[in-house]
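Student: I am sharing entry.tsv, which consists of TSV, C-alpha atoms:
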```tsv
chain	number	residue	atom	x	y	z
E	25	MET	CA	0.00	0.00	0.00
E	26	GLU	CA	2.72	2.42	1.03
E	27	ASN	CA	4.80	1.69	-2.05
E	28	GLY	CA	1.74	2.19	-4.22
E	29	LEU	CA	1.02	5.56	-2.63
E	30	ILE	CA	4.61	6.75	-2.89
E	31	GLY	CA	4.77	5.50	-6.46
E	32	PHE	CA	1.61	7.45	-7.24
E	33	PHE	CA	3.12	10.60	-5.75
E	34	GLU	CA	6.34	10.11	-7.71
E	35	LYS	CA	4.45	9.89	-10.97
E	36	ASN	CA	2.10	12.79	-10.23
E	37	SER	CA	4.35	15.30	-8.53
E	38	ILE	CA	1.71	18.05	-8.54
E	39	TYR	CA	-0.04	16.09	-5.78
E	40	ILE	CA	3.07	16.45	-3.63
E	41	VAL	CA	2.71	20.21	-3.91
E	42	MET	CA	-0.99	19.96	-3.10
E	43	PHE	CA	-0.26	17.69	-0.15
E	44	ILE	CA	2.29	20.19	1.14
E	45	ILE	CA	-0.24	23.03	0.81
E	46	LEU	CA	-2.68	20.87	2.77
E	47	VAL	CA	-0.09	20.46	5.53
E	48	VAL	CA	0.42	24.25	5.68
E	49	TRP	CA	-3.33	24.87	5.89
E	50	ILE	CA	-3.78	22.19	8.56
E	51	GLY	CA	-1.08	23.88	10.65
E	52	ILE	CA	-2.66	27.31	10.26
E	53	PHE	CA	-6.14	25.96	11.06
E	54	LEU	CA	-4.92	24.13	14.15
E	55	PHE	CA	-3.42	27.40	15.36
E	56	MET	CA	-6.65	29.29	14.68
E	57	PHE	CA	-8.68	26.60	16.49
E	58	ARG	CA	-6.48	27.01	19.52
E	59	THR	CA	-6.98	30.78	19.42
E	60	ASP	CA	-10.72	30.18	19.10
E	61	LYS	CA	-10.60	27.98	22.17
E	62	HIS	CA	-8.92	30.79	24.10
E	63	LEU	CA	-11.70	33.15	23.02
E	64	LYS	CA	-14.40	30.67	24.06
E	65	ASP	CA	-12.81	30.37	27.49
E	66	ILE	CA	-12.87	34.16	27.75
E	67	GLU	CA	-16.56	34.21	26.82
E	68	LYS	CA	-17.37	31.58	29.43
E	69	GLU	CA	-15.46	33.44	32.12
E	70	LEU	CA	-17.18	36.69	31.18
E	71	GLN	CA	-20.60	35.06	31.32
E	72	SER	CA	-19.96	33.36	34.65
E	73	SER	CA	-18.55	36.55	36.17
E	74	SER	CA	-21.51	38.62	34.92
E	75	SER	CA	-24.06	36.12	36.30
E	76	LYS	CA	-22.22	36.17	39.62
E	77	GLY	CA	-22.47	39.94	39.59
E	78	LYS	CA	-26.24	39.75	39.13
E	79	GLU	CA	-26.64	37.35	42.04
E	80	ASN	CA	-24.76	39.70	44.29
T	30	MET	CA	-8.11	44.98	9.39
T	31	THR	CA	-10.78	44.47	6.71
T	32	PHE	CA	-8.05	44.49	4.11
T	33	VAL	CA	-6.16	41.91	6.09
T	34	ILE	CA	-9.20	39.63	6.31
T	35	ILE	CA	-9.95	40.01	2.60
T	36	ALA	CA	-6.33	39.23	1.74
T	37	GLY	CA	-6.44	36.24	4.04
T	38	ILE	CA	-9.57	34.88	2.37
T	39	THR	CA	-8.62	35.63	-1.24
T	40	PHE	CA	-5.16	34.25	-0.66
T	41	PRO	CA	-5.87	30.69	-1.96
T	42	ILE	CA	-5.97	32.17	-5.45
T	43	VAL	CA	-2.20	32.36	-5.38
T	44	PRO	CA	-1.51	28.59	-5.65
T	45	GLN	CA	-3.27	28.44	-9.01
T	46	PRO	CA	-1.86	31.38	-10.96
T	47	LYS	CA	-3.32	31.62	-14.44
T	48	VAL	CA	0.08	31.52	-16.04
T	49	TRP	CA	1.26	28.36	-14.33
T	50	TYR	CA	1.94	26.63	-17.62
T	51	GLU	CA	4.37	29.37	-18.53
T	52	PHE	CA	6.71	28.47	-15.72
T	53	PRO	CA	9.93	26.95	-17.00
T	54	ILE	CA	10.48	23.25	-16.40
T	55	ILE	CA	13.40	22.61	-14.09
T	56	PRO	CA	14.89	19.19	-14.75
T	57	GLY	CA	14.55	16.98	-11.70
T	58	LEU	CA	11.91	19.20	-10.13
T	59	GLU	CA	9.06	19.73	-12.64
T	60	GLU	CA	5.86	20.37	-10.67
T	61	LYS	CA	7.71	19.99	-7.40
T	62	ALA	CA	9.27	23.42	-7.98
T	63	LYS	CA	5.94	24.98	-7.00
T	64	ILE	CA	6.61	24.15	-3.37
T	65	ILE	CA	8.63	27.36	-3.33
T	66	PHE	CA	5.38	29.36	-3.11
T	67	PHE	CA	4.42	27.66	0.16
T	68	HIS	CA	7.49	26.26	1.81
T	69	VAL	CA	9.67	29.37	1.56
T	70	PRO	CA	6.98	31.75	2.97
T	71	THR	CA	6.60	29.52	6.05
T	72	ALA	CA	10.34	29.75	6.69
T	73	TRP	CA	10.21	33.50	6.00
T	74	LEU	CA	7.34	33.92	8.50
T	75	SER	CA	9.26	32.09	11.19
T	76	VAL	CA	12.06	34.67	10.76
T	77	ILE	CA	9.53	37.54	11.01
T	78	ALA	CA	7.84	35.95	14.02
T	79	PHE	CA	11.13	35.48	15.87
T	80	LEU	CA	12.11	39.05	14.97
T	81	MET	CA	8.82	40.36	16.41
T	82	ALA	CA	9.38	38.24	19.53
T	83	MET	CA	12.78	39.90	19.93
T	84	ILE	CA	11.38	43.42	19.36
T	85	TYR	CA	8.68	42.93	21.99
T	86	GLY	CA	11.24	41.33	24.28
T	87	ILE	CA	13.35	44.52	24.07
T	88	LYS	CA	10.21	46.62	24.61
T	89	TYR	CA	9.36	44.62	27.70
T	90	LEU	CA	12.85	45.07	29.13
T	91	ARG	CA	12.61	48.83	28.59
T	92	LYS	CA	9.09	49.50	29.89
T	93	ARG	CA	8.29	46.41	31.98
T	94	ASN	CA	4.79	46.26	30.50
T	95	ILE	CA	3.44	42.71	30.78
T	96	ASP	CA	1.40	43.16	27.57
T	97	ASP	CA	4.67	43.32	25.60
T	98	ASP	CA	5.69	39.98	27.07
T	99	ILE	CA	2.38	38.44	25.99
T	100	LYS	CA	2.87	39.84	22.47
T	101	SER	CA	6.37	38.37	22.39
T	102	PHE	CA	4.97	35.02	23.55
T	103	ALA	CA	2.24	35.03	20.87
T	104	SER	CA	4.86	35.72	18.23
T	105	LEU	CA	7.07	32.94	19.59
T	106	GLN	CA	4.21	30.45	19.33
T	107	LEU	CA	3.55	31.48	15.74
T	108	GLY	CA	7.23	31.33	14.87
T	109	MET	CA	7.51	27.86	16.35
T	110	MET	CA	4.47	26.71	14.38
T	111	PHE	CA	5.83	28.05	11.10
T	112	THR	CA	9.26	26.55	11.73
T	113	ILE	CA	7.62	23.15	12.30
T	114	LEU	CA	5.54	23.62	9.14
T	115	ALA	CA	8.64	24.52	7.12
T	116	THR	CA	10.40	21.42	8.45
T	117	ILE	CA	7.47	19.09	7.68
T	118	THR	CA	6.82	20.49	4.19
T	119	GLY	CA	10.55	20.46	3.47
T	120	SER	CA	10.95	16.85	4.51
T	121	ILE	CA	7.94	15.73	2.44
T	122	TRP	CA	9.52	17.47	-0.54
T	123	ALA	CA	12.88	15.90	0.27
T	124	LYS	CA	11.32	12.44	0.29
T	125	PHE	CA	10.37	12.81	-3.36
T	126	THR	CA	13.29	14.90	-4.57
T	127	TRP	CA	16.24	13.50	-2.63
T	128	GLY	CA	14.84	10.07	-1.76
T	129	SER	CA	14.33	10.13	1.99
T	130	PHE	CA	12.64	12.31	4.58
T	131	TRP	CA	15.77	13.40	6.44
T	132	HIS	CA	19.33	13.84	5.16
T	133	TRP	CA	21.13	16.05	7.69
T	134	ASP	CA	21.64	18.50	4.87
T	135	PRO	CA	23.06	21.83	6.21
T	136	ARG	CA	19.63	23.41	5.79
T	137	GLU	CA	17.88	20.61	7.66
T	138	THR	CA	20.47	20.61	10.42
T	139	SER	CA	20.20	24.37	10.91
T	140	ILE	CA	16.39	24.36	11.14
T	141	PHE	CA	16.62	21.44	13.56
T	142	ILE	CA	18.93	23.45	15.82
T	143	LEU	CA	16.56	26.43	15.57
T	144	LEU	CA	13.67	24.19	16.66
T	145	LEU	CA	15.74	23.04	19.65
T	146	ILE	CA	16.68	26.62	20.62
T	147	TYR	CA	13.12	27.96	20.50
T	148	GLY	CA	11.61	24.75	21.88
T	149	SER	CA	13.78	25.14	24.97
T	150	LEU	CA	12.63	28.76	25.27
T	151	LEU	CA	8.98	27.66	25.33
T	152	ALA	CA	9.85	24.93	27.86
T	153	LEU	CA	11.64	27.53	29.99
T	154	ARG	CA	8.57	29.78	29.90
T	155	SER	CA	6.22	27.04	31.01
T	156	ALA	CA	8.54	26.08	33.87
T	157	ILE	CA	8.48	29.48	35.63
T	158	ASP	CA	5.41	30.53	37.61
T	159	ASN	CA	6.46	34.05	38.57
T	160	GLU	CA	5.14	36.35	35.86
T	161	ASP	CA	7.80	39.10	35.97
T	162	LYS	CA	10.65	36.64	36.22
T	163	ARG	CA	9.29	34.61	33.31
T	164	ALA	CA	8.79	37.72	31.20
T	165	SER	CA	12.28	39.13	31.70
T	166	LEU	CA	14.00	35.76	31.27
T	167	SER	CA	12.07	35.02	28.10
T	168	ALA	CA	12.81	38.52	26.74
T	169	VAL	CA	16.56	38.10	27.28
T	170	TYR	CA	16.50	34.58	25.84
T	171	SER	CA	14.53	35.63	22.76
T	172	ILE	CA	17.02	38.44	22.05
T	173	ILE	CA	19.98	36.06	22.30
T	174	ALA	CA	18.18	33.35	20.34
T	175	PHE	CA	17.34	35.70	17.49
T	176	LEU	CA	21.04	36.50	17.04
T	177	THR	CA	21.45	32.93	15.77
T	178	VAL	CA	18.50	33.08	13.35
T	179	PRO	CA	20.13	35.03	10.47
T	180	PHE	CA	23.15	32.78	10.72
T	181	PHE	CA	21.18	29.54	10.65
T	182	ILE	CA	18.65	30.55	8.01
T	183	PHE	CA	20.51	32.89	5.68
T	184	ILE	CA	24.24	32.31	6.03
T	185	MET	CA	25.18	28.76	7.03
T	186	PRO	CA	23.21	26.85	4.37
T	187	ARG	CA	24.62	29.13	1.67
T	188	ILE	CA	28.28	28.74	2.53
T	189	MET	CA	28.14	24.97	2.92
T	190	VAL	CA	27.87	22.21	0.39
T	191	GLY	CA	24.40	20.71	0.29
T	192	LEU	CA	21.39	19.54	-1.65
T	193	HIS	CA	19.03	22.37	-0.81
T	194	PRO	CA	18.51	25.00	-3.54
T	195	GLY	CA	20.88	27.88	-2.92
T	196	SER	CA	23.71	25.94	-1.30
T	197	LEU	CA	27.13	25.35	-2.79
T	198	GLU	CA	27.90	22.34	-4.92
T	199	LEU	CA	31.21	20.56	-5.31
T	200	ASP	CA	32.69	18.86	-8.32
T	201	PRO	CA	32.97	15.20	-7.26
T	202	ASP	CA	36.23	14.77	-9.20
T	203	THR	CA	38.21	17.87	-8.32
T	204	GLY	CA	36.51	18.80	-5.03
T	205	LYS	CA	36.22	22.44	-6.09
T	206	VAL	CA	33.15	24.65	-5.84
T	207	ILE	CA	31.29	24.76	-9.15
T	208	GLN	CA	28.11	26.35	-10.42
T	209	GLY	CA	25.33	25.52	-12.81
T	210	THR	CA	25.67	21.78	-13.22
T	211	ASN	CA	22.89	20.66	-10.88
T	212	PRO	CA	19.61	22.37	-11.82
T	213	VAL	CA	18.01	21.64	-8.44
T	214	VAL	CA	20.79	23.14	-6.34
T	215	ASP	CA	21.41	25.99	-8.77
T	216	PHE	CA	17.73	26.90	-8.77
T	217	LYS	CA	16.75	30.25	-10.32
T	218	MET	CA	13.24	31.61	-10.76
T	219	ASN	CA	12.03	33.24	-13.95
T	220	ALA	CA	10.05	36.51	-13.95
T	221	ASN	CA	6.60	34.85	-13.77
T	222	MET	CA	7.58	32.68	-10.87
T	223	ARG	CA	9.18	35.58	-9.10
T	224	ILE	CA	5.99	37.68	-9.28
T	225	VAL	CA	3.87	34.86	-7.84
T	226	PHE	CA	6.55	34.14	-5.27
T	227	PHE	CA	6.62	37.71	-4.00
T	228	ILE	CA	2.80	37.93	-3.94
T	229	SER	CA	2.82	34.73	-1.93
T	230	LEU	CA	5.42	36.12	0.49
T	231	PHE	CA	3.40	39.32	0.87
T	232	THR	CA	0.06	37.60	1.47
T	233	PHE	CA	1.60	35.13	3.89
T	234	THR	CA	3.10	38.07	5.78
T	235	ILE	CA	-0.36	39.69	6.00
T	236	LEU	CA	-1.80	36.37	7.15
T	237	TYR	CA	0.88	36.22	9.82
T	238	PHE	CA	0.04	39.68	11.16
T	239	TRP	CA	-3.67	38.84	11.23
T	240	MET	CA	-3.10	35.57	13.12
T	241	TYR	CA	-0.65	37.31	15.42
T	242	GLN	CA	-3.08	40.11	16.30
T	243	LEU	CA	-5.92	37.67	17.02
T	244	ARG	CA	-3.62	35.58	19.15
T	245	TYR	CA	-2.12	38.31	21.30
T	246	LYS	CA	-5.44	40.08	21.78
T	247	ALA	CA	-7.01	36.84	23.01
T	248	LEU	CA	-4.04	36.20	25.31
T	249	ILE	CA	-4.02	39.75	26.74
T	250	ILE	CA	-7.79	39.74	27.40
T	251	LYS	CA	-7.55	36.33	29.03
T	252	ASP	CA	-4.72	37.54	31.22
T	253	LYS	CA	-6.64	40.65	32.28
T	254	ILE	CA	-9.86	38.75	33.04
T	255	SER	CA	-8.10	36.12	35.10
T	256	LYS	CA	-6.39	38.85	37.13
T	257	LYS	CA	-9.68	40.66	37.71
T	258	ILE	CA	-11.49	37.51	38.81
T	259	ILE	CA	-8.74	36.50	41.18
```
Kindly return the structure encoded in the file as structure tokens.
Tutor:
Amino acid sequence: MENGLIGFFEKNSIYIVMFIILVVWIGIFLFMFRTDKHLKDIEKELQSSSSKGKEN
Amino acid sequence: MTFVIIAGITFPIVPQPKVWYEFPIIPGLEEKAKIIFFHVPTAWLSVIAFLMAMIYGIKYLRKRNIDDDIKSFASLQLGMMFTILATITGSIWAKFTWGSFWHWDPRETSIFILLLIYGSLLALRSAIDNEDKRASLSAVYSIIAFLTVPFFIFIMPRIMVGLHPGSLELDPDTGKVIQGTNPVVDFKMNANMRIVFFISLFTFTILYFWMYQLRYKALIIKDKISKKII
């Protein structure tokens, strides 16, 4: 299987470039997801702190 | 900011330039030459990110404002990510151009050392609890670490013999430095490629600044909220 895949890539080298672009995008998206997680935490903390404020 | 977002979204147009079939064929590379539009900008961004980390490190040391330290940290994270991306994309390319994923080529060795240097900086940061101590240590370390970056990325791979485009090549018989025999090592772009390449560099740089701003704003707000709540 692995040989077949590598052989396919060797014959169609444009797919190597596309695969590499995919890797770059995956990296960038992972980073953005982590930033998004930070923002969600901030939202949660803001909501919990504002509801606490109302109770008091 | 709008411009930055638009550039970030329209950016995927760059990989499929209309004139792609006008690019010259480089023997031994063919389509693989197009990696230059994506692999080189990631390496370029890691230099910019480490430079920004150093600038904000200096700013922190001068004004002792914790926000500058957070900005430096956000830039360090981005720089680390882009260095890893450059390494991964480079080694995939190497698998199909040179035959295996890792060769200890001068370029590969230098980026590996860079990863170690900045990886230890991130480990150092996570090991210190005291905020001011962590900030000043990381600022000093990032300044010293950046001094090695131009050497490892721009100088060392160019003055040593290697397989990566841009390095020196030796005549196997005489052992002297020669030029122009290996089309992969002696890689030159034509005008079309150069235009796309510089557009790609430019848009990647904009993308970097957008990601960087989002990141440090999120980190600063998180820091402020956690301080207020405590």
Student: Compile the contact shell of segment 132-141 of chain T as an mmCIF file with C-alpha atoms, in the frame of the given file: residues with an atom at most 6 Å away, counting all atoms listed in the file, same-chain residues fewer than 2 positions apart removed.
Tutor:
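Listed below is the output, part35.cif:
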```
data_model
loop_
_atom_site.group_PDB
_atom_site.id
_atom_site.type_symbol
_atom_site.label_atom_id
_atom_site.label_comp_id
_atom_site.auth_asym_id
_atom_site.auth_seq_id
_atom_site.Cartn_x
_atom_site.Cartn_y
_atom_site.Cartn_z
ATOM 1 C CA LEU T 143 16.560 26.430 15.570
ATOM 2 C CA LEU T 144 13.670 24.190 16.660
ATOM 3 C CA PHE T 181 21.180 29.540 10.650
ATOM 4 C CA PRO T 186 23.210 26.850 4.370
ATOM 5 C CA GLY T 191 24.400 20.710 0.290
#
```
Student: For the contact check between chain T and chain E, emit one row per residue of chain T within 10 Å, containing the shortest atom pair and the distance in Å rounded to one decimal, counting all atoms listed in the file, chain then rising number order, as a tab-separated table.
Tutor:
```
residue	atom	partner	partner_atom	distance
T:Pro41	CA	E:Ile45	CA	9.9
T:Pro44	CA	E:Ile45	CA	8.6
T:Leu58	CA	E:Ser37	CA	8.7
T:Glu59	CA	E:Ser37	CA	7.7
T:Glu60	CA	E:Ile38	CA	5.2
T:Lys61	CA	E:Ser37	CA	5.9
T:Ala62	CA	E:Val41	CA	8.4
T:Lys63	CA	E:Val41	CA	6.5
T:Ile64	CA	E:Val41	CA	5.6
T:Ile65	CA	E:Val41	CA	9.3
T:Phe66	CA	E:Ile45	CA	9.3
T:Phe67	CA	E:Ile45	CA	6.6
T:His68	CA	E:Ile44	CA	8.0
T:Thr71	CA	E:Val48	CA	8.1
T:Gln106	CA	E:Phe55	CA	9.1
T:Leu107	CA	E:Phe55	CA	8.1
T:Met110	CA	E:Gly51	CA	7.3
T:Phe111	CA	E:Gly51	CA	8.1
T:Ile113	CA	E:Gly51	CA	8.9
T:Leu114	CA	E:Val48	CA	6.2
T:Ala115	CA	E:Val48	CA	8.3
T:Ile117	CA	E:Val47	CA	8.0
T:Thr118	CA	E:Ile44	CA	5.5
T:Gly119	CA	E:Ile44	CA	8.6
T:Ser120	CA	E:Ile44	CA	9.9
T:Ile121	CA	E:Ile44	CA	7.3
T:Trp122	CA	E:Ile40	CA	7.2
T:Lys124	CA	E:Ile30	CA	9.4
T:Phe125	CA	E:Glu34	CA	6.5
T:Thr126	CA	E:Glu34	CA	9.0
T:Leu236	CA	E:Ile52	CA	9.6
T:Tyr237	CA	E:Ile52	CA	9.6
T:Met240	CA	E:Met56	CA	7.4
T:Tyr241	CA	E:Thr59	CA	9.9
T:Leu243	CA	E:Thr59	CA	7.4
T:Arg244	CA	E:Thr59	CA	5.9
T:Tyr245	CA	E:Thr59	CA	9.2
T:Lys246	CA	E:Leu63	CA	9.4
T:Ala247	CA	E:Leu63	CA	6.0
T:Leu248	CA	E:His62	CA	7.4
T:Ile250	CA	E:Ile66	CA	7.6
T:Lys251	CA	E:Ile66	CA	5.9
T:Asp252	CA	E:Ile66	CA	9.5
T:Ile254	CA	E:Ile66	CA	7.6
T:Ser255	CA	E:Glu69	CA	8.4
T:Lys257	CA	E:Ser73	CA	9.9
T:Ile258	CA	E:Ser73	CA	7.6
```
Student: Work out how far atom CA of Leu153 of chain T is from atom CA of Ile249 of chain T, in Å to one decimal.
Tutor: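 Between atom CA of Ile249 of chain T and atom CA of Leu153 of chain T the gap is 20.1 Å.
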Student: With all atoms of segment 160-166 of chain T from the file as input, state the centre and edge lengths in Å to one decimal of the axis-aligned box that has 4 Å extra on each side, as lines of an AutoDock Vina configuration file.
Tutor:
```
center_x = 9.6
center_y = 36.9
center_z = 33.7
size_x = 16.9
size_y = 12.5
size_z = 13.0
```
Student: With only C-alpha atoms as the atoms that count, which of T:Ile188, T:Ala123, T:Ile84, T:Leu74 lies nearest to Ile173 of chain T?
Tutor: T:Ile84
Student: What does the structure give for the distance between atom CA of Tyr147 of chain T and atom CA of Ile99 of chain T, in Å to one decimal?
Tutor: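 Atom CA of Tyr147 of chain T sits 16.0 Å away from atom CA of Ile99 of chain T.
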Student: What does the distance between atom CA of Leu230 of chain T and atom CA of Asp97 of chain T come to in Å, to one decimal place?
Tutor: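 Taking atom CA of Leu230 of chain T and atom CA of Asp97 of chain T, their separation equals 26.1 Å.
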